[in-house]
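Below: data.cif (mmCIF, C-alpha atoms)
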data_coords
#
loop_
_atom_site.label_atom_id
_atom_site.label_comp_id
_atom_site.auth_asym_id
_atom_site.auth_seq_id
_atom_site.Cartn_x
_atom_site.Cartn_y
_atom_site.Cartn_z
CA MET M 298 -24.56 -12.82 -10.90
CA ASN M 299 -22.00 -10.11 -10.24
CA ILE M 300 -18.32 -11.12 -10.59
CA ASN M 301 -15.79 -8.73 -9.07
CA THR M 302 -12.17 -8.17 -9.91
CA LEU M 303 -9.60 -7.42 -7.22
CA SER M 304 -9.50 -3.86 -8.57
CA ASP M 305 -13.26 -3.52 -7.96
CA LEU M 306 -12.77 -4.58 -4.34
CA CYS M 307 -9.78 -2.29 -3.83
CA ILE M 308 -11.62 0.73 -5.18
CA ASP M 309 -14.67 -0.04 -3.04
CA TYR M 310 -12.53 -0.65 0.05
CA LEU M 311 -10.45 2.53 -0.28
CA THR M 312 -13.41 4.78 -1.10
CA LYS M 313 -15.13 3.47 2.05
CA LYS M 314 -11.99 4.62 3.93
CA GLN M 315 -12.54 8.13 2.48
CA PHE M 316 -9.70 8.04 -0.06
CA HIS M 317 -9.75 9.82 -3.39
CA LEU M 318 -8.26 7.55 -6.05
CA PHE M 319 -6.21 8.51 -9.08
CA ILE M 320 -4.35 6.71 -11.83
CA ILE M 321 -1.27 8.70 -12.75
CA ARG M 322 0.73 8.35 -15.95
CA THR M 323 4.48 8.31 -15.49
CA CYS M 324 6.96 8.24 -18.30
CA ASN M 325 10.06 6.11 -17.85
CA GLY M 326 12.12 6.81 -20.96
CA CYS M 327 9.94 5.73 -23.85
CA VAL M 328 7.76 3.41 -21.77
CA ASN M 329 4.50 4.75 -20.37
CA GLU M 330 3.63 3.38 -16.96
CA TRP M 331 0.65 3.96 -14.72
CA ASN M 332 0.65 4.27 -10.93
CA TRP M 333 -2.28 4.21 -8.57
CA SER M 334 -2.61 6.93 -5.96
CA ALA M 335 -4.95 7.13 -2.95
CA GLU M 336 -5.20 10.36 -1.00
CA THR M 337 -6.85 11.78 2.07
CA LEU M 338 -6.10 15.15 3.60
CA TYR M 339 -2.94 13.93 5.40
CA LEU M 340 -2.14 10.54 3.87
CA HIS M 341 -0.91 9.98 0.32
CA LEU M 342 -0.32 6.43 -0.93
CA SER M 343 1.22 5.51 -4.26
CA ALA M 344 1.56 2.00 -5.72
CA LYS M 345 1.88 0.07 -8.96
CA ASP M 346 -1.51 -1.58 -8.45
CA PRO M 347 -4.63 -1.12 -6.30
CA VAL M 348 -3.99 -4.24 -4.18
CA SER M 349 -0.67 -2.72 -3.06
CA LEU M 350 -2.54 0.49 -2.13
CA VAL M 351 -4.65 -1.54 0.31
CA GLY M 352 -1.42 -3.02 1.72
CA LEU M 353 0.03 0.48 2.15
CA TYR M 354 -3.12 1.54 3.97
CA TRP M 355 -2.63 -1.29 6.47
CA ILE M 356 1.01 -0.41 7.22
CA HIS M 357 0.60 3.37 7.44
CA GLU M 358 0.35 3.50 11.24
CA ASP M 359 3.44 1.33 11.75
CA TRP M 360 5.22 3.36 9.07
CA GLU M 361 4.32 6.62 10.80
CA ASP M 362 5.48 5.34 14.20
CA ASN M 363 8.90 4.52 12.76
CA HIS M 364 9.22 7.72 10.74
CA ARG M 365 8.28 10.22 13.44
CA ILE M 366 11.90 10.77 14.37
CA ILE M 367 13.71 13.42 12.36
CA LYS M 368 17.39 14.32 12.33
CA LYS M 369 18.42 17.93 12.97
CA SER M 370 21.84 19.46 13.46
CA LEU M 371 21.63 21.52 16.66
CA PRO M 372 24.20 23.09 18.98
CA ASP M 373 24.87 21.51 22.36
CA GLU M 374 25.46 23.52 25.57
CA SER M 375 29.02 24.44 24.53
CA GLY M 376 28.02 25.52 21.02
CA TYR M 377 29.22 22.49 19.09
CA ILE M 378 26.88 21.36 16.34
CA LEU M 379 25.71 17.81 16.87
CA ASP M 380 23.16 15.66 15.13
CA ARG M 381 20.09 15.36 17.30
CA TYR M 382 17.17 13.06 16.71
CA ILE M 383 13.85 14.65 17.52
CA LEU M 384 10.40 13.12 17.76
CA TYR M 385 8.07 15.38 15.79
CA HIS M 386 4.56 16.01 17.03
CA GLY M 387 1.48 17.28 15.35
CA THR M 388 0.02 16.64 11.96
CA LYS M 389 2.28 16.10 9.04
CA ASP M 390 1.48 15.02 5.53
CA GLN M 391 2.51 11.43 5.13
CA CYS M 392 3.45 9.94 1.79
CA ILE M 393 4.13 6.21 1.40
CA ILE M 394 5.24 4.66 -1.87
CA ASP M 395 5.42 0.92 -2.49
CA TYR M 396 9.16 0.46 -2.59
CA GLY M 397 10.95 -2.50 -1.06
CA ASN M 398 11.29 -0.60 2.22
CA THR M 399 7.58 -1.21 2.85
CA TRP M 400 7.80 -4.99 2.53
CA GLY M 401 9.09 -5.62 6.05
CA TYR M 402 6.12 -3.71 7.47
CA ALA M 403 3.74 -5.81 5.36
CA GLU M 404 5.35 -9.07 6.49
CA LYS M 405 5.21 -7.93 10.13
CA LYS M 406 1.49 -7.09 9.84
CA LEU M 407 0.70 -10.50 8.32
CA VAL M 408 2.61 -12.23 11.14
CA GLN M 409 0.65 -10.13 13.69
CA TRP M 410 -2.52 -11.45 12.06
CA GLY M 411 -1.30 -15.01 12.62
CA TYR M 412 -0.01 -15.85 9.15
CA MET M 413 3.21 -17.66 8.36
CA VAL M 414 4.88 -15.73 5.54
CA SER M 415 7.44 -17.26 3.23
CA GLN M 416 9.15 -16.63 -0.06
CA VAL M 417 9.55 -19.45 -2.54
CA GLU M 418 12.84 -19.31 -4.39
CA ASP M 419 12.41 -22.53 -6.36
CA SER M 420 9.06 -22.41 -8.14
CA ALA M 421 8.29 -26.11 -7.43
CA GLY M 422 4.95 -25.88 -9.16
CA ILE M 423 4.22 -22.34 -7.99
CA SER M 424 4.15 -19.53 -10.52
CA ASP M 425 7.28 -17.37 -10.58
CA ASP M 426 4.93 -14.36 -10.63
CA TYR M 427 3.70 -15.15 -7.09
CA PRO M 428 6.69 -16.11 -4.94
CA TYR M 429 5.29 -14.82 -1.60
CA ILE M 430 2.97 -17.01 0.42
CA ALA M 431 0.87 -16.34 3.54
CA GLU M 432 -0.51 -19.41 5.29
CA LYS M 433 -2.88 -19.72 8.21
CA GLU M 434 -4.77 -22.85 9.19
CA ASP M 435 -5.87 -24.39 5.88
CA LYS M 436 -5.74 -21.12 3.89
CA ARG M 437 -2.92 -20.24 1.51
CA TYR M 438 -2.56 -16.96 -0.39
CA LEU M 439 0.05 -16.07 -3.02
CA ALA M 440 1.20 -12.71 -4.36
CA GLY M 441 4.08 -11.03 -6.16
CA ASP M 442 5.45 -9.21 -3.11
CA PRO M 443 4.64 -8.87 0.61
CA LEU M 444 2.71 -5.62 0.12
CA GLN M 445 0.40 -7.22 -2.45
CA LEU M 446 0.07 -10.22 -0.15
CA LEU M 447 -1.03 -7.99 2.74
CA GLY M 448 -3.50 -6.18 0.48
CA LEU M 449 -4.95 -9.47 -0.74
CA VAL M 450 -5.34 -10.88 2.77
CA ALA M 451 -6.93 -7.62 3.98
CA LEU M 452 -9.45 -7.74 1.13
CA ILE M 453 -10.32 -11.36 1.89
CA GLN M 454 -10.77 -10.48 5.57
CA GLU M 455 -13.10 -7.64 4.58
CA TYR M 456 -15.11 -9.35 1.83
CA GLY M 457 -14.68 -13.04 2.68
CA GLU M 458 -13.54 -16.04 0.68
CA GLN M 459 -16.39 -15.48 -1.77
CA TRP M 460 -15.11 -11.97 -2.58
CA ARG M 461 -15.93 -12.36 -6.27
CA ASP M 462 -19.62 -12.31 -5.34
CA ALA M 463 -19.48 -9.39 -2.86
CA GLN M 464 -21.83 -6.48 -3.44
CA VAL M 465 -19.59 -3.56 -4.41
CA HIS M 466 -20.03 -0.57 -6.67
CA GLN M 467 -18.69 -1.22 -10.13
CA SER M 468 -19.30 2.18 -11.60
CA PHE M 469 -16.67 4.83 -10.98
CA THR M 470 -15.86 8.23 -12.41
CA VAL M 471 -12.63 8.53 -14.33
CA LYS M 472 -11.52 11.98 -15.37
CA PRO M 473 -9.47 12.12 -18.59
CA PHE M 474 -6.06 13.74 -18.72
CA SER M 475 -5.69 16.86 -20.77
CA GLU M 476 -3.33 16.69 -23.73
CA ASP M 477 -0.93 18.97 -21.79
CA CYS M 478 -0.26 16.16 -19.32
CA PHE M 479 1.15 13.98 -22.06
CA ASN M 480 3.60 16.67 -23.21
CA GLU M 481 5.25 17.33 -19.85
#
Could you show the structure in this file as structure tokens?
Amino acid sequence: MNINTLSDLCIDYLTKKQFHLFIIRTCNGCVNEWNWSAETLYLHLSAKDPVSLVGLYWIHEDWEDNHRIIKKSLPDESGYILDRYILYHGTKDQCIIDYGNTWGYAEKKLVQWGYMVSQVEDSAGISDDYPYIAEKEDKRYLAGDPLQLLGLVALIQEYGEQWRDAQVHQSFTVKPFSEDCFNE
């Protein structure tokens, strides 16, 4: 029997969506951290974990709709410079990173899917690591933040409640970093 991890599902899901996946080393002072990155030609997603990448994928259209307005300082008819807000058209590289400003989009998407989303402030028997809850009918899902919650729910919608037994590829190519990368 094949038992999947959430990472296995995320990698399978995102590669089916034509993303190239990377794990990138970042150095925060003396602490080495790793971020996940998923890229297509025009969409670049970056997150602390692969489940959040799936969440970012699901909010990218809403994110784009709300970030298509750009501010430019332009002269009016009398020559005074005023700030104008312009709707840009055409293709533009889009980069979304899993900061707190993505959480509202994730919560909104879950509500659109019919889930009640809540945050537990008093653990009351629930792990402090998973304070966000999405509930629908008799199903209850917990995660560390709304973006992870959206990613988890999206994976369960794709692979079903028995996601651990889903048939996904579990062999992936990982390219090593050169030593130069560690000295930057």
Show which residues sit within 10 Å of Ser343 in chain M, as a VMD selection string. Count only C-alpha atoms, and ignore same-chain residues fewer than 4 positions away. chain M and resid 318 to 321 332 to 336 347 349 to 350 353 392 to 396
Taking the file as I've supplied it (selection: the PyMOL selection byres ((chain M and resi 459-466) around 12)), which residues are included? Please answer as a PyMOL selection string. chain M and resi 298-313+449-458+467-470
Evaluating the PyMOL selection byres ((chain M and resi 435-447) around 7) on the displayed file yields which residues, as a list of chain:residue names?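 That expression, the PyMOL selection byres ((chain M and resi 435-447) around 7), corresponds here to M:Val348, M:Ser349, M:Gly352, M:Leu353, M:Trp400, M:Ala403, M:Glu404, M:Leu407, M:Asp426, M:Tyr427, M:Pro428, M:Tyr429, M:Ile430, M:Ala431, M:Glu432, M:Lys433, M:Glu434, M:Gly448, M:Leu449, M:Val450, M:Ala451.
Compared by their closest atoms to Leu340 in chain M, and using all atoms listed in the file, the residues M:Gln409, M:Gln416, M:Ser375, M:Gln315 rank with M:Gln315 nearest.
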With all atoms listed in the file as the basis for distance, which of M:Lys314, M:Gly411, M:Glu418, M:Lys405 is at the shortest distance from Val351 in chain M? M:Lys314
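Remark: for Tyr402 in chain M, the closest of the candidate residues M:Arg322, M:Trp360, M:Lys345, M:Thr337 is M:Trp360 (distances computed over all atoms listed in the file).
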Nearest-residue call for Gln391 in chain M, choices M:Tyr339, M:Trp355, M:Trp331, M:Phe316, using only C-alpha atoms: M:Tyr339
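Atom to atom, CA of Glu330 in chain M and CA of Gly401 in chain M stand 25.3 Å apart.
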Add whatever atoms are absent from range 433-449 of chain M to reach N, CA, C and O atoms, and provide the output as a PDB file, keeping the file's coordinate frame.
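Dumped everything to part38.pdb:
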ATOM      1  N   LYS M 433      -2.264 -19.711   6.892  1.00  0.00           N
ATOM      2  CA  LYS M 433      -2.880 -19.720   8.210  1.00  0.00           C
ATOM      3  C   LYS M 433      -3.956 -20.805   8.187  1.00  0.00           C
ATOM      4  O   LYS M 433      -4.824 -20.788   7.305  1.00  0.00           O
ATOM      5  N   GLU M 434      -3.852 -21.718   9.139  1.00  0.00           N
ATOM      6  CA  GLU M 434      -4.770 -22.850   9.190  1.00  0.00           C
ATOM      7  C   GLU M 434      -4.745 -23.555   7.834  1.00  0.00           C
ATOM      8  O   GLU M 434      -3.688 -23.926   7.363  1.00  0.00           O
ATOM      9  N   ASP M 435      -5.871 -23.700   7.173  1.00  0.00           N
ATOM     10  CA  ASP M 435      -5.870 -24.390   5.880  1.00  0.00           C
ATOM     11  C   ASP M 435      -5.938 -23.414   4.703  1.00  0.00           C
ATOM     12  O   ASP M 435      -6.195 -23.812   3.576  1.00  0.00           O
ATOM     13  N   LYS M 436      -5.683 -22.136   4.939  1.00  0.00           N
ATOM     14  CA  LYS M 436      -5.740 -21.120   3.890  1.00  0.00           C
ATOM     15  C   LYS M 436      -4.327 -20.771   3.423  1.00  0.00           C
ATOM     16  O   LYS M 436      -3.398 -20.664   4.227  1.00  0.00           O
ATOM     17  N   ARG M 437      -4.202 -20.565   2.109  1.00  0.00           N
ATOM     18  CA  ARG M 437      -2.920 -20.240   1.510  1.00  0.00           C
ATOM     19  C   ARG M 437      -3.144 -19.178   0.441  1.00  0.00           C
ATOM     20  O   ARG M 437      -3.956 -19.379  -0.467  1.00  0.00           O
ATOM     21  N   TYR M 438      -2.416 -18.049   0.556  1.00  0.00           N
ATOM     22  CA  TYR M 438      -2.560 -16.960  -0.390  1.00  0.00           C
ATOM     23  C   TYR M 438      -1.198 -16.647  -0.999  1.00  0.00           C
ATOM     24  O   TYR M 438      -0.191 -16.664  -0.306  1.00  0.00           O
ATOM     25  N   LEU M 439      -1.187 -16.342  -2.290  1.00  0.00           N
ATOM     26  CA  LEU M 439       0.050 -16.070  -3.020  1.00  0.00           C
ATOM     27  C   LEU M 439      -0.025 -14.693  -3.656  1.00  0.00           C
ATOM     28  O   LEU M 439      -1.096 -14.276  -4.122  1.00  0.00           O
ATOM     29  N   ALA M 440       1.131 -14.016  -3.711  1.00  0.00           N
ATOM     30  CA  ALA M 440       1.200 -12.710  -4.360  1.00  0.00           C
ATOM     31  C   ALA M 440       2.632 -12.440  -4.820  1.00  0.00           C
ATOM     32  O   ALA M 440       3.563 -13.160  -4.449  1.00  0.00           O
ATOM     33  N   GLY M 441       2.787 -11.388  -5.588  1.00  0.00           N
ATOM     34  CA  GLY M 441       4.080 -11.030  -6.160  1.00  0.00           C
ATOM     35  C   GLY M 441       5.061 -10.438  -5.181  1.00  0.00           C
ATOM     36  O   GLY M 441       6.268 -10.543  -5.360  1.00  0.00           O
ATOM     37  N   ASP M 442       4.571  -9.777  -4.134  1.00  0.00           N
ATOM     38  CA  ASP M 442       5.450  -9.210  -3.110  1.00  0.00           C
ATOM     39  C   ASP M 442       4.661  -9.124  -1.800  1.00  0.00           C
ATOM     40  O   ASP M 442       3.440  -9.291  -1.798  1.00  0.00           O
ATOM     41  N   PRO M 443       5.334  -8.892  -0.676  1.00  0.00           N
ATOM     42  CA  PRO M 443       4.640  -8.870   0.610  1.00  0.00           C
ATOM     43  C   PRO M 443       3.543  -7.808   0.720  1.00  0.00           C
ATOM     44  O   PRO M 443       2.541  -8.022   1.395  1.00  0.00           O
ATOM     45  N   LEU M 444       3.720  -6.672   0.063  1.00  0.00           N
ATOM     46  CA  LEU M 444       2.710  -5.620   0.120  1.00  0.00           C
ATOM     47  C   LEU M 444       1.422  -6.055  -0.587  1.00  0.00           C
ATOM     48  O   LEU M 444       0.325  -5.861  -0.071  1.00  0.00           O
ATOM     49  N   GLN M 445       1.566  -6.679  -1.751  1.00  0.00           N
ATOM     50  CA  GLN M 445       0.400  -7.220  -2.450  1.00  0.00           C
ATOM     51  C   GLN M 445      -0.244  -8.331  -1.628  1.00  0.00           C
ATOM     52  O   GLN M 445      -1.468  -8.446  -1.581  1.00  0.00           O
ATOM     53  N   LEU M 446       0.577  -9.135  -0.977  1.00  0.00           N
ATOM     54  CA  LEU M 446       0.070 -10.220  -0.150  1.00  0.00           C
ATOM     55  C   LEU M 446      -0.768  -9.671   1.003  1.00  0.00           C
ATOM     56  O   LEU M 446      -1.863 -10.161   1.277  1.00  0.00           O
ATOM     57  N   LEU M 447      -0.281  -8.630   1.656  1.00  0.00           N
ATOM     58  CA  LEU M 447      -1.030  -7.990   2.740  1.00  0.00           C
ATOM     59  C   LEU M 447      -2.338  -7.410   2.208  1.00  0.00           C
ATOM     60  O   LEU M 447      -3.399  -7.577   2.824  1.00  0.00           O
ATOM     61  N   GLY M 448      -2.280  -6.730   1.064  1.00  0.00           N
ATOM     62  CA  GLY M 448      -3.500  -6.180   0.480  1.00  0.00           C
ATOM     63  C   GLY M 448      -4.520  -7.249   0.158  1.00  0.00           C
ATOM     64  O   GLY M 448      -5.711  -7.101   0.447  1.00  0.00           O
ATOM     65  N   LEU M 449      -4.061  -8.365  -0.412  1.00  0.00           N
ATOM     66  CA  LEU M 449      -4.950  -9.470  -0.740  1.00  0.00           C
ATOM     67  C   LEU M 449      -5.602 -10.057   0.506  1.00  0.00           C
ATOM     68  O   LEU M 449      -6.821 -10.246   0.556  1.00  0.00           O
TER      69      LEU M 449
END
